[in-house]
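Reading through the structure tokens given below for one structure.
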Amino acid sequence: MNTGKEVHEGLEGIVVTATAIGHVDGEKGQLVVRGRDIEVLAETCTYEDACVLLWATPENARSLQTDLGIARRDAWERVTRLGDALALPDAMEALRAALAHVPSVNDARDSVALAASAAVYVAAWSRMQRGLEPVAPDASLTHAADFLRMVNGQVPGAALVRGLDSYWVTVADHGMNASTFTARVVASTGSDMVSSIVAAVGALKGPLHGGAPGPVLDMLDAIASPARAEAWIEEALARGERIMGMGHRIYRVRDPRAEVLERAVEALATAGVRTDRLDLARAVERAATGVLSQRHPTRALKANVEFYTAVLLDTLGLARSSFSAVFAIGRIVGWAAHVIEQRTKKRIIRPDSRYTGHLPG
């Protein structure tokens, strides 16, 4: 049935709202958050700084650090009651189930509670998957430092903390992606922050949105040597396989977040942290860029955020099975910002559709 309405599958090219949170320019390879380039933010900001910036709150990072620490302690009190949820074998399923138990109070308090709870639950899940007891949070530490401590059982060095802060700041917001849009749709109905964030986690769980950092490591393991990179990529393409961590729906150039995270890994190496895969990753990226440009000269298939996410999180000592959930801890900051902003619109998001079935009579 033709109603005369043009269909835009996937809403591509459709502007659904105006936002002051972030801006993505795929042609220039630019990501701006609250008026600042992501390269600057990633080098200078902590997780707490990102929360203050994105939530536009009057608190400074120090007071927010205190609030997050208290909220992590509160989340820890729920861990023993979340046995079934945290025992789920998939990190994103466990996170989705566990966050659904966060009590909703109001947007401001819920944002802190959700960010804190996600860190506690992902850390607990990571240890339980290894047959280890979860580690209680230390409210005196920063969010990044305490997360690494809860995962690995010891207070991390400054370089590791800086690396995780850089990562979480880098992935905190990225335009109107699928999970952010999901959070805003739920918020537009008048539903609470917890429901909005849990829905966003469900969207991020989908492999077309947030599932490639772990497979990037699988690819690097399979290639093993820079000398094998080009041949391996040619063979993979001949089998009809995707090259993990290459290409992005928005960017026509290299994802600026790949540049930021590559530098973050390099900074860890400079600080003396063992980074076995950096040289290999760079060689694979060069080879993949060359092979893909020859095969698809009209398509921009450059390294995306997931390529160096895999290398960075592995260098931080995190298990690849947890990568998407660790990403979610950072992205919660942006999701919450969008929920808060959506509240000001006071209008439910309700697009139309074109009916293609039969009509009676």
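Chain lettering (A, B, ...) mirrors the order of the structure tokens, residue numbering begins at 1 for each chain separately, and ligand numbering begins at 1 in order of display.
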If you count only C-alpha atoms, which residues fall within 9 Å of A:Leu292, apart from same-chain ones fewer than 6 positions away, as a PyMOL selection string? chain A and resi 299-302
Residues from the last selection, N, CA and C atoms, saved as an mmCIF file, in the first residue's frame:
```
data_model
loop_
_atom_site.group_PDB
_atom_site.id
_atom_site.type_symbol
_atom_site.label_atom_id
_atom_site.label_comp_id
_atom_site.auth_asym_id
_atom_site.auth_seq_id
_atom_site.Cartn_x
_atom_site.Cartn_y
_atom_site.Cartn_z
ATOM 1 N N ARG A 299 34.796 2.476 -1.324
ATOM 2 C CA ARG A 299 34.319 2.394 0.062
ATOM 3 C C ARG A 299 35.446 2.761 1.024
ATOM 4 N N ALA A 300 35.080 3.438 2.095
ATOM 5 C CA ALA A 300 36.065 3.836 3.104
ATOM 6 C C ALA A 300 36.072 2.788 4.211
ATOM 7 N N LEU A 301 37.045 1.888 4.159
ATOM 8 C CA LEU A 301 37.132 0.804 5.143
ATOM 9 C C LEU A 301 38.423 0.976 5.932
ATOM 10 N N LYS A 302 38.358 1.864 6.899
ATOM 11 C CA LYS A 302 39.513 2.179 7.741
ATOM 12 C C LYS A 302 39.291 1.609 9.140
#
```
Env of A:Pro213: 8 Å cut, atoms = only C-alpha atoms, seq-sep filter 4 positions within chain, self excluded. Answer as a CSV table (one decimal) with C-alpha atoms, in the first residue's frame.
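Final output, saved to selection18.csv:
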```csv
chain,number,residue,atom,x,y,z
A,217,LEU,CA,42.0,-10.2,19.3
A,244,MET,CA,37.3,-7.3,12.3
A,245,GLY,CA,37.7,-3.7,13.4
A,306,GLU,CA,37.0,-1.5,18.1
A,307,PHE,CA,40.4,-2.2,16.5
A,309,THR,CA,39.9,-1.1,21.9
A,310,ALA,CA,40.8,-4.7,21.7
A,320,ARG,CA,38.0,-10.3,25.9
A,323,PHE,CA,35.0,-6.1,26.4
A,324,SER,CA,31.4,-5.1,25.4
```
Show which residues sit within 6 Å of A:Ser188, as a PyMOL selection string. Count only C-alpha atoms, and ignore same-chain residues fewer than 4 positions away. chain A and resi 184+348-349
Can you pull out the residues contacting A:Pro226? Cut-off 12 Å, using only C-alpha atoms, and skip same-chain residues under 2 positions away; I want them as a list in words. Leu220, Asp221, Ala222, Ile223, Ala224, Arg228, Ala229, Glu230, Ala231, Trp232, Ile233, Arg277, Leu278, Asp279, Leu280, Ala281, Arg282, Ala283, Val284, Glu285, Arg286, Ala287 and Ala288 of chain A
Pick from A:Arg257, A:His8, A:Arg130, A:His296 nearest to A:Ser166, counting only C-alpha atoms: A:Arg257
Under the rule that only C-alpha atoms are counted, which of A:Gly26, A:Pro137, A:Gly210, A:Pro58 is the nearest residue to A:Arg72?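 Result for the nearest residue to A:Arg72: A:Pro137.
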